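Engineer: Next up, entry_23.cif (mmCIF, C-alpha atoms (C1' of nucleotides)).
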```cif
data_run
loop_
_atom_site.label_atom_id
_atom_site.label_comp_id
_atom_site.auth_asym_id
_atom_site.auth_seq_id
_atom_site.Cartn_x
_atom_site.Cartn_y
_atom_site.Cartn_z
CA MET A 937 -62.37 161.87 189.66
CA LYS A 938 -63.18 161.19 193.23
CA LYS A 939 -64.55 164.28 194.82
CA LYS A 940 -63.03 165.20 198.11
CA LYS A 941 -65.54 164.83 200.85
CA ILE A 942 -66.23 167.51 203.41
CA LYS A 943 -65.06 166.53 206.84
CA ILE A 944 -67.54 166.81 209.64
CA ILE A 945 -67.28 166.18 213.35
CA ILE A 946 -70.12 164.46 215.15
CA ILE A 947 -70.46 164.69 218.89
CA LEU A 948 -73.14 162.39 220.17
CA GLY A 949 -74.13 160.58 223.31
CA GLN A 950 -76.90 159.93 225.75
CA THR A 951 -78.89 162.68 227.31
CA ALA A 952 -77.17 164.47 230.21
CA THR A 953 -73.64 163.52 229.24
CA GLY A 954 -72.57 167.11 228.59
CA LYS A 955 -72.43 167.15 224.81
CA SER A 956 -73.47 170.75 224.28
CA ASP A 957 -70.97 172.21 226.65
CA LEU A 958 -68.06 170.18 225.45
CA ALA A 959 -68.93 170.79 221.82
CA ALA A 960 -69.18 174.54 222.27
CA ARG A 961 -65.77 174.63 223.89
CA ILE A 962 -64.02 172.55 221.31
CA ALA A 963 -65.75 174.23 218.40
CA LYS A 964 -64.70 177.57 219.75
CA LYS A 965 -61.14 176.47 220.05
CA LEU A 966 -60.90 174.80 216.66
CA GLY A 967 -62.97 177.26 214.70
CA GLY A 968 -66.10 175.26 214.27
CA GLU A 969 -69.80 175.95 214.07
CA ILE A 970 -72.44 173.74 215.52
CA ILE A 971 -75.45 172.10 213.97
CA SER A 972 -77.77 170.66 216.56
CA ALA A 973 -78.98 167.12 216.04
CA ASP A 974 -81.89 167.09 218.41
CA SER A 975 -85.40 166.21 217.41
CA ARG A 976 -86.96 168.42 220.05
CA GLN A 977 -84.71 171.44 220.06
CA VAL A 978 -85.76 172.20 216.51
CA TYR A 979 -89.05 173.47 217.89
CA LYS A 980 -89.66 177.05 218.86
CA GLY A 981 -90.61 177.42 222.48
CA PHE A 982 -89.15 174.09 223.52
CA ASP A 983 -86.35 175.52 225.59
CA ILE A 984 -86.04 174.32 229.15
CA GLY A 985 -87.80 171.03 228.52
CA SER A 986 -85.57 170.11 225.63
CA GLY A 987 -82.40 171.34 227.29
CA LYS A 988 -81.73 173.88 224.61
CA ILE A 989 -78.41 175.61 224.95
CA THR A 990 -78.56 179.26 226.05
CA LYS A 991 -76.85 182.18 224.33
CA LYS A 992 -74.30 182.35 227.08
CA GLU A 993 -73.54 178.66 226.94
CA MET A 994 -72.87 178.92 223.23
CA ARG A 995 -69.63 180.77 223.99
CA GLY A 996 -70.02 182.83 220.89
CA VAL A 997 -70.10 179.80 218.65
CA PHE A 998 -72.78 179.76 215.97
CA HIS A 999 -75.53 177.18 216.54
CA TYR A 1000 -77.85 176.06 213.78
CA LEU A 1001 -81.11 174.13 213.64
CA LEU A 1002 -82.49 175.36 216.89
CA ASP A 1003 -85.95 176.93 216.71
CA VAL A 1004 -86.44 176.11 213.07
CA ALA A 1005 -89.87 174.50 213.33
CA SER A 1006 -93.25 175.11 214.83
CA PRO A 1007 -94.45 172.54 217.34
CA LYS A 1008 -97.79 172.71 215.60
CA ARG A 1009 -96.30 171.13 212.53
CA GLN A 1010 -94.78 167.74 212.03
CA PHE A 1011 -91.03 167.79 211.75
CA SER A 1012 -89.17 164.78 210.41
CA ALA A 1013 -85.82 163.14 209.86
CA ALA A 1014 -86.04 163.92 206.16
CA LYS A 1015 -86.58 167.61 206.83
CA TYR A 1016 -83.72 167.52 209.25
CA LYS A 1017 -81.40 166.07 206.69
CA LYS A 1018 -82.25 168.70 204.14
CA LEU A 1019 -81.66 171.54 206.56
CA ALA A 1020 -78.49 170.05 207.99
CA ASP A 1021 -76.99 169.44 204.56
CA ASN A 1022 -77.46 173.10 203.73
CA LYS A 1023 -75.85 174.22 206.92
CA ILE A 1024 -72.88 171.93 206.50
CA ILE A 1025 -72.13 173.39 203.11
CA LYS A 1026 -72.65 176.88 204.39
CA ILE A 1027 -70.26 176.37 207.26
CA TYR A 1028 -67.72 174.69 205.06
CA LYS A 1029 -67.81 177.54 202.59
CA THR A 1030 -66.98 180.06 205.26
CA GLY A 1031 -63.93 178.01 206.13
CA LYS A 1032 -65.23 176.73 209.42
CA ILE A 1033 -65.56 173.20 210.62
CA PRO A 1034 -69.06 171.73 210.82
CA PHE A 1035 -69.85 170.08 214.15
CA ILE A 1036 -73.02 168.04 214.44
CA VAL A 1037 -73.99 167.75 218.07
CA GLY A 1038 -76.88 165.90 219.58
CA GLY A 1039 -78.49 162.73 220.78
CA SER A 1040 -81.03 161.95 218.09
CA GLY A 1041 -79.41 158.89 216.58
CA PHE A 1042 -81.64 158.60 213.57
CA TYR A 1043 -81.09 162.22 212.62
CA ILE A 1044 -77.36 161.78 212.91
CA GLN A 1045 -77.50 158.67 210.79
CA THR A 1046 -79.24 160.50 207.97
CA ILE A 1047 -76.17 162.72 207.76
CA VAL A 1048 -73.38 160.26 208.45
CA ASP A 1049 -74.68 157.60 206.09
CA GLY A 1050 -76.47 159.95 203.75
CA LEU A 1051 -79.72 158.07 204.06
CA VAL A 1052 -81.92 158.54 201.06
CA LEU A 1053 -85.42 158.24 202.44
CA PRO A 1054 -88.34 157.62 200.11
CA LYS A 1055 -89.63 160.96 198.88
CA VAL A 1056 -93.23 160.45 199.84
CA GLU A 1057 -94.89 163.23 201.78
CA PRO A 1058 -96.98 162.30 204.79
CA ASN A 1059 -100.62 161.89 203.85
CA ASN A 1060 -102.57 162.84 206.92
CA LYS A 1061 -105.94 161.85 205.58
CA LEU A 1062 -104.70 158.39 204.78
CA ARG A 1063 -102.93 158.12 208.10
CA LYS A 1064 -106.01 159.02 210.05
CA GLU A 1065 -107.97 156.37 208.28
CA LEU A 1066 -105.34 153.71 208.71
CA GLU A 1067 -104.89 154.51 212.38
CA LYS A 1068 -108.31 153.04 213.04
CA LYS A 1069 -107.20 149.65 211.81
CA SER A 1070 -105.46 146.96 213.81
CA ALA A 1071 -101.83 146.12 213.22
CA LYS A 1072 -102.93 142.76 211.89
CA LYS A 1073 -105.13 144.35 209.30
CA LEU A 1074 -102.48 146.86 208.34
CA PHE A 1075 -99.99 144.11 207.92
CA SER A 1076 -102.19 142.15 205.56
CA MET A 1077 -102.85 145.34 203.59
CA LEU A 1078 -99.16 145.92 203.23
CA LYS A 1079 -98.57 142.35 202.21
CA LYS A 1080 -100.85 142.86 199.27
CA LEU A 1081 -99.24 146.16 198.29
CA ASP A 1082 -95.59 145.44 198.85
CA LYS A 1083 -94.61 141.89 199.63
CA ASN A 1084 -90.93 142.57 200.13
CA ARG A 1085 -91.42 145.38 202.55
CA ALA A 1086 -93.85 143.23 204.51
CA LYS A 1087 -91.19 140.59 204.94
CA LYS A 1088 -88.88 142.86 206.83
CA ILE A 1089 -91.21 145.19 208.67
CA GLU A 1090 -92.21 144.97 212.31
CA LYS A 1091 -95.66 143.57 211.94
CA ASP A 1092 -96.87 144.80 215.31
CA ASN A 1093 -95.84 148.39 214.79
CA PRO A 1094 -98.76 150.38 213.35
CA ARG A 1095 -96.68 153.49 212.83
CA ARG A 1096 -94.19 151.68 210.61
CA LEU A 1097 -96.93 149.80 208.82
CA ILE A 1098 -98.85 152.96 208.06
CA ARG A 1099 -95.81 154.70 206.65
CA ALA A 1100 -94.98 151.66 204.54
CA ILE A 1101 -98.50 151.59 203.14
CA GLU A 1102 -98.30 155.30 202.49
CA ILE A 1103 -95.15 154.77 200.48
CA ALA A 1104 -96.48 151.73 198.67
CA LYS A 1105 -99.57 153.64 197.56
CA VAL A 1106 -97.41 156.24 195.86
CA LEU A 1107 -94.36 154.35 194.67
CA GLY A 1108 -95.80 150.90 194.38
CA LYS A 1109 -93.07 149.54 196.53
CA THR A 1110 -90.53 150.76 199.01
CA PRO A 1111 -87.25 151.52 197.32
CA LYS A 1112 -84.17 149.78 198.59
CA LEU A 1113 -82.54 151.76 201.32
CA LYS A 1114 -79.80 153.83 199.81
CA THR A 1115 -76.90 155.36 201.57
CA ASN A 1116 -74.95 158.03 199.88
CA SER A 1117 -72.70 159.82 202.27
CA GLU A 1118 -71.39 163.11 201.07
CA TYR A 1119 -69.18 163.61 204.07
CA GLU A 1120 -66.27 162.14 205.86
CA ALA A 1121 -67.39 161.99 209.45
CA LEU A 1122 -65.59 161.52 212.72
CA GLN A 1123 -68.01 160.33 215.35
CA ILE A 1124 -67.13 161.10 218.93
CA GLY A 1125 -69.35 159.50 221.54
CA LEU A 1126 -69.55 160.72 225.10
CA LYS A 1127 -70.19 158.08 227.67
CA LEU A 1128 -70.63 158.10 231.43
CA PRO A 1129 -70.99 155.23 233.89
CA ASP A 1130 -74.66 154.42 234.54
CA LYS A 1131 -74.54 155.59 238.11
CA LYS A 1132 -73.13 158.94 237.19
CA LEU A 1133 -75.54 159.34 234.32
CA LYS A 1134 -78.52 158.57 236.52
CA ASN A 1135 -77.29 161.13 238.96
CA ASN A 1136 -76.92 163.74 236.23
CA ILE A 1137 -80.40 163.01 234.98
CA HIS A 1138 -81.85 163.53 238.42
CA LYS A 1139 -79.98 166.73 239.11
CA ARG A 1140 -80.79 168.17 235.74
CA LEU A 1141 -84.47 167.38 236.08
CA MET A 1142 -84.61 169.18 239.40
CA SER A 1143 -82.83 172.21 238.07
CA ARG A 1144 -85.09 172.41 235.05
CA ILE A 1145 -88.11 172.37 237.29
CA ARG A 1146 -86.58 175.24 239.21
CA LYS A 1147 -85.97 177.12 236.00
CA GLY A 1148 -89.64 177.07 235.15
CA MET A 1149 -90.08 174.07 232.92
CA ILE A 1150 -93.65 173.60 234.07
CA SER A 1151 -94.70 177.09 233.13
CA GLU A 1152 -92.99 176.65 229.80
CA VAL A 1153 -95.36 173.82 229.03
CA LYS A 1154 -98.27 175.85 230.34
CA LYS A 1155 -97.31 178.63 227.95
CA LEU A 1156 -97.09 176.30 225.01
CA HIS A 1157 -100.57 175.05 225.72
CA ALA A 1158 -101.80 178.62 226.01
CA LYS A 1159 -100.47 179.13 222.50
CA ASN A 1160 -102.89 176.56 221.23
CA ILE A 1161 -100.79 173.48 221.31
CA SER A 1162 -103.13 170.78 222.46
CA TRP A 1163 -102.39 168.56 225.41
CA LYS A 1164 -102.51 165.62 223.08
CA ARG A 1165 -99.89 167.17 220.86
CA LEU A 1166 -97.71 168.05 223.82
CA GLU A 1167 -97.94 164.52 225.13
CA SER A 1168 -96.84 163.20 221.79
CA PHE A 1169 -93.42 164.78 222.19
CA GLY A 1170 -92.59 162.44 225.03
CA LEU A 1171 -90.59 162.89 228.21
CA GLU A 1172 -90.84 166.28 229.90
CA TYR A 1173 -93.53 167.57 227.56
CA ARG A 1174 -95.57 164.41 227.92
CA PHE A 1175 -95.38 164.13 231.69
CA ILE A 1176 -95.77 167.79 232.48
CA ALA A 1177 -98.77 167.97 230.17
CA ARG A 1178 -100.30 165.07 232.03
CA TYR A 1179 -99.62 166.76 235.31
CA LEU A 1180 -101.10 170.07 234.16
CA GLN A 1181 -104.25 168.28 233.08
CA GLY A 1182 -104.54 166.76 236.53
CA LYS A 1183 -104.06 163.24 235.23
CA ILE A 1184 -101.19 162.62 237.63
CA LYS A 1185 -99.86 164.19 240.80
CA LYS A 1186 -96.67 166.19 240.87
CA LYS A 1187 -94.71 163.53 242.70
CA GLU A 1188 -95.80 160.85 240.24
CA MET A 1189 -94.92 163.13 237.39
CA LEU A 1190 -91.39 163.63 238.65
CA ASP A 1191 -90.79 159.98 239.50
CA GLU A 1192 -92.19 158.59 236.31
CA LEU A 1193 -90.48 161.19 234.19
CA GLU A 1194 -87.14 160.42 235.72
CA THR A 1195 -87.36 156.72 235.00
CA GLU A 1196 -88.65 157.55 231.55
CA ILE A 1197 -85.60 159.70 230.86
CA TRP A 1198 -83.44 156.83 232.00
CA HIS A 1199 -85.23 154.48 229.63
CA PHE A 1200 -84.64 156.98 226.89
CA ALA A 1201 -80.94 157.20 227.68
CA LYS A 1202 -80.67 153.45 227.38
CA ARG A 1203 -82.53 153.41 224.10
CA GLN A 1204 -80.11 155.99 222.80
CA MET A 1205 -77.17 153.85 223.82
CA ARG A 1206 -78.62 150.77 222.15
CA TRP A 1207 -78.93 152.73 218.97
CA PHE A 1208 -75.39 154.11 219.10
CA LYS A 1209 -73.91 150.75 220.01
CA ARG A 1210 -74.69 149.40 216.59
CA ASP A 1211 -72.33 151.83 214.97
CA ALA A 1212 -68.79 150.59 215.47
CA ARG A 1213 -67.32 153.72 213.93
CA ILE A 1214 -68.12 155.79 216.98
CA LYS A 1215 -65.13 156.52 219.17
CA TRP A 1216 -66.07 156.71 222.82
CA PHE A 1217 -64.70 159.03 225.45
CA ASN A 1218 -65.51 160.16 228.92
CA PRO A 1219 -66.66 163.78 228.64
CA ASN A 1220 -63.83 164.93 230.86
CA GLN A 1221 -61.21 163.70 228.39
CA VAL A 1222 -61.31 167.02 226.60
CA LYS A 1223 -57.66 166.98 225.56
CA LYS A 1224 -57.87 163.51 224.12
CA ILE A 1225 -60.94 164.41 222.19
CA GLU A 1226 -59.29 167.48 220.78
CA ILE A 1227 -56.32 165.45 219.64
CA GLU A 1228 -58.62 162.92 218.02
CA ILE A 1229 -60.33 165.70 216.14
CA THR A 1230 -57.21 167.53 215.04
CA ASN A 1231 -55.68 164.29 213.83
CA PHE A 1232 -58.78 163.57 211.84
CA LEU A 1233 -58.75 167.02 210.31
CA ASN A 1234 -55.08 166.57 209.65
CA ASN A 1235 -54.56 170.26 210.15
CA TYR A 1236 -55.82 170.82 206.66
CA GLU A 1237 -59.03 172.56 207.52
CA LEU A 1238 -57.58 174.18 210.57
CA ARG A 1239 -56.32 177.25 208.78
CA ASN A 1240 -58.83 179.40 210.59
CA ALA A 1241 -58.38 177.85 213.94
CA LYS A 1242 -56.60 179.62 216.66
CA ILE A 1243 -54.60 176.97 218.42
"C1'" G B 810 -107.33 141.46 275.66
"C1'" C B 811 -111.68 140.27 272.46
"C1'" G B 812 -113.58 140.60 267.53
"C1'" U B 813 -112.63 141.18 262.52
"C1'" C B 814 -110.12 141.64 257.84
"C1'" G B 815 -105.61 140.65 255.81
"C1'" G B 816 -100.12 138.79 255.02
"C1'" U B 817 -98.90 136.29 247.29
"C1'" G B 818 -92.86 137.11 243.01
"C1'" G B 819 -88.33 143.77 243.42
"C1'" C B 820 -93.23 146.74 244.18
"C1'" A B 821 -98.58 147.16 243.46
"C1'" G B 822 -102.32 143.64 242.95
"C1'" A B 823 -105.46 139.09 240.99
"C1'" G B 824 -106.17 134.09 242.16
"C1'" U B 825 -109.58 131.06 246.95
"C1'" G B 826 -108.75 122.72 246.18
"C1'" G B 827 -106.19 120.22 240.34
"C1'" U B 828 -105.66 123.52 233.84
"C1'" C B 829 -100.51 127.96 239.10
"C1'" A B 830 -93.96 129.10 238.69
"C1'" A B 831 -98.96 132.00 239.93
"C1'" A B 832 -103.39 137.05 235.70
"C1'" U B 833 -102.42 142.26 235.12
"C1'" G B 834 -99.65 146.82 235.79
"C1'" C B 835 -94.97 148.96 237.20
"C1'" A B 836 -89.81 148.32 237.73
"C1'" A B 837 -85.56 145.44 235.70
"C1'" U B 838 -82.93 143.29 231.40
"C1'" U B 839 -82.31 142.68 226.00
"C1'" G B 840 -83.56 144.16 221.29
"C1'" G B 841 -85.93 146.42 216.71
"C1'" C B 842 -86.50 150.88 213.64
"C1'" U B 843 -86.52 152.94 205.23
"C1'" G B 844 -89.96 161.03 206.54
"C1'" U B 845 -93.70 161.23 213.89
"C1'" A B 846 -87.23 158.72 216.46
"C1'" A B 847 -87.64 162.18 223.56
"C1'" A B 848 -91.84 159.06 218.96
"C1'" C B 849 -93.20 154.04 217.84
"C1'" C B 850 -92.75 148.46 218.39
"C1'" A B 851 -91.06 143.70 220.50
"C1'" A B 852 -88.81 139.78 223.68
"C1'" U B 853 -87.28 137.99 228.53
"C1'" C B 854 -88.37 138.37 233.57
"C1'" G B 855 -87.76 132.01 240.62
"C1'" G B 856 -83.55 128.37 239.96
"C1'" U B 857 -81.19 124.26 237.28
"C1'" C B 858 -80.16 121.61 233.21
"C1'" U B 859 -80.35 116.92 228.96
"C1'" U B 860 -84.72 123.59 227.31
"C1'" G B 861 -88.95 119.66 228.59
"C1'" U B 862 -96.80 118.46 228.74
"C1'" A B 863 -88.47 118.19 232.78
"C1'" C B 864 -86.72 118.65 237.82
"C1'" C B 865 -86.14 121.64 242.28
"C1'" U B 866 -87.59 125.71 245.51
"C1'" A B 867 -91.78 129.01 246.21
"C1'" C B 868 -97.81 132.48 247.80
"C1'" G B 869 -95.66 135.07 256.49
"C1'" G B 870 -93.52 130.41 260.06
"C1'" G B 871 -94.79 125.48 261.74
"C1'" G B 872 -98.14 121.43 261.65
"C1'" G B 873 -102.50 118.85 259.56
"C1'" U B 874 -106.64 117.17 255.97
"C1'" U B 875 -106.46 115.39 250.78
"C1'" C B 876 -104.63 111.31 245.34
"C1'" A B 877 -103.83 116.87 244.93
"C1'" A B 878 -103.32 123.07 248.86
"C1'" A B 879 -101.44 129.92 247.37
"C1'" U B 880 -106.43 128.10 247.99
"C1'" C B 881 -109.49 123.95 253.57
"C1'" C B 882 -108.29 123.15 259.17
"C1'" C B 883 -105.13 124.12 263.68
"C1'" U B 884 -101.41 127.03 265.76
"C1'" C B 885 -97.71 130.82 266.06
"C1'" C B 886 -95.75 135.53 264.22
"C1'" C B 887 -96.80 140.34 261.78
"C1'" G B 888 -100.17 144.49 259.98
"C1'" G B 889 -105.07 147.34 259.30
"C1'" C B 890 -109.71 148.32 261.47
"C1'" G B 891 -113.60 147.94 265.40
"C1'" C B 892 -114.71 147.17 270.59
"C1'" A B 893 -112.74 147.31 275.23
#
```
Please render this file's structure as structure tokens.

Structural biologist:
Amino acid sequence: MKKKKIKIIIILGQTATGKSDLAARIAKKLGGEIISADSRQVYKGFDIGSGKITKKEMRGVFHYLLDVASPKRQFSAAKYKKLADNKIIKIYKTGKIPFIVGGSGFYIQTIVDGLVLPKVEPNNKLRKELEKKSAKKLFSMLKKLDKNRAKKIEKDNPRRLIRAIEIAKVLGKTPKLKTNSEYEALQIGLKLPDKKLKNNIHKRLMSRIRKGMISEVKKLHAKNISWKRLESFGLEYRFIARYLQGKIKKKEMLDELETEIWHFAKRQMRWFKRDARIKWFNPNQVKKIEIEITNFLNNYELRNAKI
RNA sequence: GCGUCGGUGGCAGAGUGGUCAAAUGCAAUUGGCUGUAAACCAAUCGGUCUUGUACCUACGGGGGUUCAAAUCCCUCCCGGCGCA
């Protein structure tokens, strides 16, 4: 009694490879709806800086999981998974094809592999206390609480150590990582040569500045989001916040941000590389990608598509 | 022209006789990730190989002192500043 799994299409890739545009086009053509997989676009008010797709760019295709969280609150991969699962079912029930589109590898993995993360809510009081301690100390604490977890964890990474301790305090020990995928996923990766990607990153940064990215950050701060909080989001929000505080000059901000975005793009690629199931294409191979997708869907779910 | 300070690895910048292939930061490269993932953490980073308390080449060029020089001396080249 094997239950038939829902088919989903994943479109992923580094920043500035043109995922959103390509996904909107193909989804429109094949009768799909899009669920964003972007850890920053979930936040309200994070528009230009996060590269959020505009109404016009959506081409009439429904987009989910944009603007679903307040930047004042902590979002997480677990929350993402819950929301995305709901949307996938919803889309499926209306006879459309769910497309997951984005560059947040961990978020995507929670869906593709059905990661079952330990159900332990963040404990801010505990975290604050633990943050004062050195990694060494945290590690020895964890060793006492959960020996097995301590064996595998990065012992220099306070953030991981704190979460592990948090879990151990509630559950006693970290459960074995479970994967329980409810979907059959096709993962399409978009890839550009480094030189081209670097160029895209530069051009896009300049155009975002022109579109008012700096005043976007100013506005967010005016709405009581602290500089510290803004910096914690990384990249554009981090560097522009630093600039607005007068910590760095504009030129430094732009230069450092650009290399930082490049670093990020490489980190994304290193993450994706580990997953051999991803099928890579150049973003201009639209036809090929479409064929890949229609083959995968086997025309079964395409009853609503207008091809 | 005289005086003076300086020229160090891709860049910035320590070091001022041995423990220096040279601190540190940046960049570069590689990697990790069990509810912050654009976050967070790590490794490598002159060359060679038999991977070592190994060898070679290196702190502007050349020469010298010394058992030993990035470090001291002479000289040349280049730059900043001051005086002419």

Engineer: Determine the nearest neighbour of Phe982 (chain A) from the options A:Phe1208, A:Tyr1179, A:Tyr1173, A:Phe1232, counting only C-alpha atoms.

Structural biologist: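 Checking each candidate against Phe982 (chain A), we get A:Tyr1173 as the closest.
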
Engineer: Using all atoms listed in the file, find each residue of chain B with at least one atom at most 12 Å away from an atom of chain A; report its shortest atom-to-atom pair and that distance in Å (one decimal), sort the rows by chain and rising residue number, and return the result as a Markdown table.

Structural biologist:
```
| residue | atom | partner | partner_atom | distance |
| --- | --- | --- | --- | --- |
| B:C835 | C1' | A:Glu1192 | CA | 10.1 |
| B:A836 | C1' | A:Thr1195 | CA | 9.2 |
| B:A837 | C1' | A:His1199 | CA | 10.9 |
| B:U838 | C1' | A:Lys1202 | CA | 11.2 |
| B:U839 | C1' | A:Arg1206 | CA | 9.7 |
| B:G840 | C1' | A:Arg1206 | CA | 8.3 |
| B:G841 | C1' | A:Glu1090 | CA | 7.8 |
| B:C842 | C1' | A:Arg1096 | CA | 8.3 |
| B:U843 | C1' | A:Leu1113 | CA | 5.7 |
| B:G844 | C1' | A:Ala1014 | CA | 4.9 |
| B:U845 | C1' | A:Ser1012 | CA | 6.7 |
| B:A846 | C1' | A:Phe1042 | CA | 6.3 |
| B:A847 | C1' | A:Gly1170 | CA | 5.2 |
| B:A848 | C1' | A:Phe1169 | CA | 6.8 |
| B:C849 | C1' | A:Arg1095 | CA | 6.1 |
| B:C850 | C1' | A:Asn1093 | CA | 4.7 |
| B:A851 | C1' | A:Asp1092 | CA | 7.9 |
```

Engineer: The selected residues should be written to file as an mmCIF file, keeping the file's coordinate frame (atoms: C-alpha atoms (C1' of nucleotides)).

Structural biologist:
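Here's the written file selection_39.cif:
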```cif
data_model
loop_
_atom_site.group_PDB
_atom_site.id
_atom_site.type_symbol
_atom_site.label_atom_id
_atom_site.label_comp_id
_atom_site.auth_asym_id
_atom_site.auth_seq_id
_atom_site.Cartn_x
_atom_site.Cartn_y
_atom_site.Cartn_z
ATOM 1 C "C1'" C B 835 -94.970 148.960 237.200
ATOM 2 C "C1'" A B 836 -89.810 148.320 237.730
ATOM 3 C "C1'" A B 837 -85.560 145.440 235.700
ATOM 4 C "C1'" U B 838 -82.930 143.290 231.400
ATOM 5 C "C1'" U B 839 -82.310 142.680 226.000
ATOM 6 C "C1'" G B 840 -83.560 144.160 221.290
ATOM 7 C "C1'" G B 841 -85.930 146.420 216.710
ATOM 8 C "C1'" C B 842 -86.500 150.880 213.640
ATOM 9 C "C1'" U B 843 -86.520 152.940 205.230
ATOM 10 C "C1'" G B 844 -89.960 161.030 206.540
ATOM 11 C "C1'" U B 845 -93.700 161.230 213.890
ATOM 12 C "C1'" A B 846 -87.230 158.720 216.460
ATOM 13 C "C1'" A B 847 -87.640 162.180 223.560
ATOM 14 C "C1'" A B 848 -91.840 159.060 218.960
ATOM 15 C "C1'" C B 849 -93.200 154.040 217.840
ATOM 16 C "C1'" C B 850 -92.750 148.460 218.390
ATOM 17 C "C1'" A B 851 -91.060 143.700 220.500
#
```

Engineer: Write out as an NGL selection string each polymer residue whose atoms come within 10 Å of Ile1098 (chain A), counting only C-alpha atoms (C1' of nucleotides); drop sequence neighbours fewer than 3 positions from it.

Structural biologist: :A and (1062-1067 or 1069 or 1071 or 1074-1075 or 1077-1078 or 1093-1095 or 1101-1104)

Engineer: If we count all atoms listed in the file, what is near G873 (chain B) at a cut-off of 12 Å, once residues fewer than 4 positions away on the same chain are taken out, given as a VMD selection string?

Structural biologist: chain B and resid 878 881 to 884

Engineer: Got time to write the residues from that selection, C-alpha atoms (C1' of nucleotides), as a compact mmCIF listing (two decimals), keeping the file's coordinate frame?

Structural biologist:
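And here is the file that came out, selection_33.txt:
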```
# COMPACT_ATOMS: atom_id res chain seq x y z
C1' A B 878 -103.32 123.07 248.86
C1' C B 881 -109.49 123.95 253.57
C1' C B 882 -108.29 123.15 259.17
C1' C B 883 -105.13 124.12 263.68
C1' U B 884 -101.41 127.03 265.76
```

Engineer: For the file shown, what are the residues hit by the PyMOL selection byres ((chain B and resi 814) around 12), laid out as an NGL selection string?

Structural biologist: :B and (812-813 or 815-816 or 888-891)

Engineer: Kindly give the distance, in Å, that separates CA of Val1153 (chain A) and CA of Asn1059 (chain A), rounded to a single decimal.

Structural biologist: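 Computed distance, CA of Val1153 (chain A) to CA of Asn1059 (chain A), equals 28.4 Å.
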
Engineer: Expand the PyMOL selection byres ((chain B and resi 865) around 12) into the explicit residue set it covers here, and present it as number ranges by chain.

Structural biologist: B: 830, 855-858, 863-864, 866-867

Engineer: Can you give me, as a PyMOL selection string, the residues this file yields under the PyMOL selection byres ((chain B and resi 823) around 9)?

Structural biologist: chain B and resi 822+824+832-833

Engineer: With a distance cut-off of 7 Å and all atoms listed in the file, select the neighbouring residues of Leu1122 (chain A), excluding the residue or stretch itself and same-chain residues fewer than 3 positions from it, and output the selection as a list of chain:residue names.

Structural biologist: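 Near Leu1122 (chain A), the qualifying residues are A:Ile944, A:Ile945, A:Ile946.
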
Engineer: To one decimal place in Å, what is the distance between CA of Gln977 (chain A) and CA of His999 (chain A)?

Structural biologist: 11.4 Å

Engineer: As a ChimeraX atom specification, please: the residues near Ile1229 (chain A) (cut-off 10 Å, all atoms listed in the file, same-chain neighbours under 2 positions excluded).

Structural biologist: /A:944-946,962,966,1122-1124,1223-1227,1231-1235

Engineer: If I only have part of region 1002-1012 of chain A, can you fill in N, CA and C atoms and write it as an mmCIF file, keeping the file's coordinate frame?

Structural biologist:
```
data_model
loop_
_atom_site.group_PDB
_atom_site.id
_atom_site.type_symbol
_atom_site.label_atom_id
_atom_site.label_comp_id
_atom_site.auth_asym_id
_atom_site.auth_seq_id
_atom_site.Cartn_x
_atom_site.Cartn_y
_atom_site.Cartn_z
ATOM 1 N N LEU A 1002 -81.679 175.188 215.696
ATOM 2 C CA LEU A 1002 -82.490 175.360 216.890
ATOM 3 C C LEU A 1002 -83.632 176.285 216.480
ATOM 4 N N ASP A 1003 -84.806 176.042 217.006
ATOM 5 C CA ASP A 1003 -85.950 176.930 216.710
ATOM 6 C C ASP A 1003 -86.261 177.075 215.235
ATOM 7 N N VAL A 1004 -86.168 175.993 214.506
ATOM 8 C CA VAL A 1004 -86.440 176.110 213.070
ATOM 9 C C VAL A 1004 -87.822 175.580 212.694
ATOM 10 N N ALA A 1005 -88.569 175.087 213.669
ATOM 11 C CA ALA A 1005 -89.870 174.500 213.330
ATOM 12 C C ALA A 1005 -90.922 174.894 214.348
ATOM 13 N N SER A 1006 -92.150 174.858 213.906
ATOM 14 C CA SER A 1006 -93.250 175.110 214.830
ATOM 15 C C SER A 1006 -93.728 173.789 215.423
ATOM 16 N N PRO A 1007 -93.965 173.780 216.722
ATOM 17 C CA PRO A 1007 -94.450 172.540 217.340
ATOM 18 C C PRO A 1007 -95.833 172.149 216.837
ATOM 19 N N LYS A 1008 -96.474 173.058 216.146
ATOM 20 C CA LYS A 1008 -97.790 172.710 215.600
ATOM 21 C C LYS A 1008 -97.659 171.840 214.357
ATOM 22 N N ARG A 1009 -96.508 171.904 213.755
ATOM 23 C CA ARG A 1009 -96.300 171.130 212.530
ATOM 24 C C ARG A 1009 -95.426 169.915 212.804
ATOM 25 N N GLN A 1010 -95.571 168.963 211.913
ATOM 26 C CA GLN A 1010 -94.780 167.740 212.030
ATOM 27 C C GLN A 1010 -93.388 167.974 211.450
ATOM 28 N N PHE A 1011 -92.391 167.765 212.262
ATOM 29 C CA PHE A 1011 -91.030 167.790 211.750
ATOM 30 C C PHE A 1011 -90.653 166.347 211.409
ATOM 31 N N SER A 1012 -89.529 166.149 210.751
ATOM 32 C CA SER A 1012 -89.170 164.780 210.410
ATOM 33 C C SER A 1012 -87.672 164.650 210.151
#
```
